[in-house]
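These notes are about the structure you will find just below.
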Amino acid sequence: MGETKMFSLIAGPCVIENEEMVFRIAEKMKDITSRLGIEYYFKASFDKANRTSLKAFRGPGIEEGLRLLAKVKSDLGLKIATDIHEPWQAKPAAEVCDLIQIPAFLCRQTDLLVAAAKTGKLVNVKKAQFLAPWDMKNVVNKLKDSGCKEIMLCERGTSFGYNTLVVDMTGIAEMKKFGCPVVFDATHSVQKPGGKGDATGGSREYVEPLAKAAIAAGADWLFMEVHEDPDNALSDGPNMVRLSDMEEMLKRFGKVYEAVRGK
């Protein structure tokens with residue numbers, strides 16, 4: 001995870017909807033990132049355990065979800081990322097995934113962090129919406145004390161009144177003080193949690209300006225959720241980026257990265 005000529009990217013659909021959709025997105029993203037020289041991890045969730053409504057789609061579950069992610073890895077040669085919600089999920093997820101992600105609401109859960117650390121995998125922890133950037137030092141210490149060697153911290157917005165998030169770009173510099181690469185979650189940062197009453201809303205038109213600002217502020221990685229048809233996605237549709245828009249958007253992000261890094 002040293003200095004690179006381009007930012008790295010974690011991207012994919014919010015949740016695994018079906019095998020065909022997963023492979024179409026993974027194949028397209030592999031093609032785009034390969035041509036642009038971007039280190040890429042395909043991400044999709046096998047279970048969305050924190051949906052607003054009990055009736056909301058959660059995914060295929062861990063067994064089927066990991067089977068599909070393993071197939072993407074073997075068939076397409078991609079690195080794989082997914083999130084876990086309970087400590088017991090860490091071990092089976094690590095058998096498939098190269099990167100284990102800790103959801104923002106769970107970033108203080110000691111047992112979950114310890115389990116993720118013990119996998120020996122790269123661990124990306126999303127900063128909770130209710131934490132200050134400097135509070136993540138305790139998260140880093142928990143992981144390091146549990147043997148984790150590769151840690152990334154992720155900015156994904158901070159609660160700012162009802163159904164609203166705000167991104168403080170100085171938080172990126174604050175978290176980099178811990179010696180960890182910082183990821184900017186460009187799509188969850190434009191969420192409006194619970195904003196649709198029984199579902200989360202969002203404003204995807206702000207994904208690009210926020211991502212550009214984060215890169216300029218020093219973010220090393222980007223996290224983005226992408227879908228073929230976001231308006232009809234089964235989870236997080238309002239803030240996901242349309243797959244057909246990704247290539248040109250990533251090119252623009254690359255120009256910002258090159259400008260601020262002096263490449």
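Letters A, B, ... go to the chains of the structure tokens in the order shown; residues in each chain start at 1; ligands are counted from 1 in the same order.
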To test your reading of the structure, identify every residue in stretch 49-237 of chain A that backbone DSSP assigns to strand (DSSP E or B), and report it as a VMD selection string.
chain A and resid 79 to 83 99 to 102 122 to 126 151 to 155 158 to 159 165 to 166 182 to 185 191 to 192 201 to 202 221 to 227
For A:Asn18, work out the shell of residues within 10 Å, counting only C-alpha atoms and skipping chain neighbours fewer than 6 positions away, then give it as a PyMOL selection string.
chain A and resi 59-60+65+68
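Across A:Met29, A:Leu36, A:Val22, A:Ile10, the tightest approach to A:Ile80 is made by A:Ile10 when counting only C-alpha atoms.
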List every residue of stretch 98-196 of chain A that has an atom at most 8 Å from any atom of stretch 222-237 of chain A, and for each one report the closest atom pair and its distance in Å to one decimal, counting only C-alpha atoms, with rows sorted by chain and then by increasing residue number, as a Markdown table.
```
| residue | atom | partner | partner_atom | distance |
| --- | --- | --- | --- | --- |
| A:Val183 | CA | A:Leu222 | CA | 5.3 |
| A:Phe184 | CA | A:Leu222 | CA | 4.9 |
| A:Asp185 | CA | A:Phe223 | CA | 4.5 |
| A:Ala186 | CA | A:Met224 | CA | 5.7 |
| A:Thr187 | CA | A:Met224 | CA | 5.4 |
| A:His188 | CA | A:Met224 | CA | 8.0 |
```
Write the residues of the selection above to a file with C-alpha atoms, as a PDB file, in the first residue's frame.
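Produced file selection31.pdb, reproduced below:
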```pdb
ATOM      1  CA  VAL A 183     -10.379   5.879   1.831  1.00  0.00           C
ATOM      2  CA  PHE A 184     -13.140   8.263   0.832  1.00  0.00           C
ATOM      3  CA  ASP A 185     -16.561   6.676   0.488  1.00  0.00           C
ATOM      4  CA  ALA A 186     -17.981   8.905  -2.208  1.00  0.00           C
ATOM      5  CA  THR A 187     -21.400   7.288  -2.435  1.00  0.00           C
ATOM      6  CA  HIS A 188     -22.376   6.739   1.203  1.00  0.00           C
TER       7      HIS A 188
END
```
Do a neighbour search on A:Ser8 at 12 Å with only C-alpha atoms, toss out local chain neighbours closer than 6 positions, and write the hits as a PyMOL selection string.
chain A and resi 1-2+33-34+36-42+79+152+181-184+215+219-224+250+253-254+257
Contacts of stretch 177-179 of chain A within 8 Å, only C-alpha atoms, excl. fewer than 2 positions in-chain, as a list in words
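Once the nearby chain positions are removed, what remains is Lys137, Val140, Ala173, Glu174, Met175 and Pro181 of chain A.
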Pull N, CA and C atoms from the residues just selected and write them as a tab-separated table (two decimals), in the first residue's frame.
```
chain	number	residue	atom	x	y	z
A	137	LYS	N	-8.41	6.80	16.40
A	137	LYS	CA	-7.15	6.31	16.96
A	137	LYS	C	-7.38	5.07	17.81
A	140	VAL	N	-7.80	2.08	15.53
A	140	VAL	CA	-6.49	1.66	15.02
A	140	VAL	C	-5.74	0.87	16.08
A	173	ALA	N	-7.06	14.45	6.54
A	173	ALA	CA	-5.72	14.74	7.04
A	173	ALA	C	-5.55	14.27	8.48
A	174	GLU	N	-6.60	14.43	9.28
A	174	GLU	CA	-6.53	13.98	10.68
A	174	GLU	C	-6.29	12.48	10.77
A	175	MET	N	-7.02	11.70	9.98
A	175	MET	CA	-6.88	10.24	10.07
A	175	MET	C	-5.57	9.76	9.46
A	181	PRO	N	-3.49	4.51	5.31
A	181	PRO	CA	-4.13	5.09	4.12
A	181	PRO	C	-5.58	5.43	4.44
```
When distances are computed from only C-alpha atoms, which of A:Pro238, A:Pro103, A:Gly120, A:Gly77 shows the smallest separation from A:Cys154?
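Nearest to A:Cys154: A:Pro103.
For A:Glu63, the residues within 12 Å (counting only C-alpha atoms, excluding itself and residues fewer than 5 positions away along the chain) are Ser45, Phe46, Asp47, Leu68, Leu69, Ala70, Gln89, Pro92, Ala93, Glu95 and Val96 of chain A.
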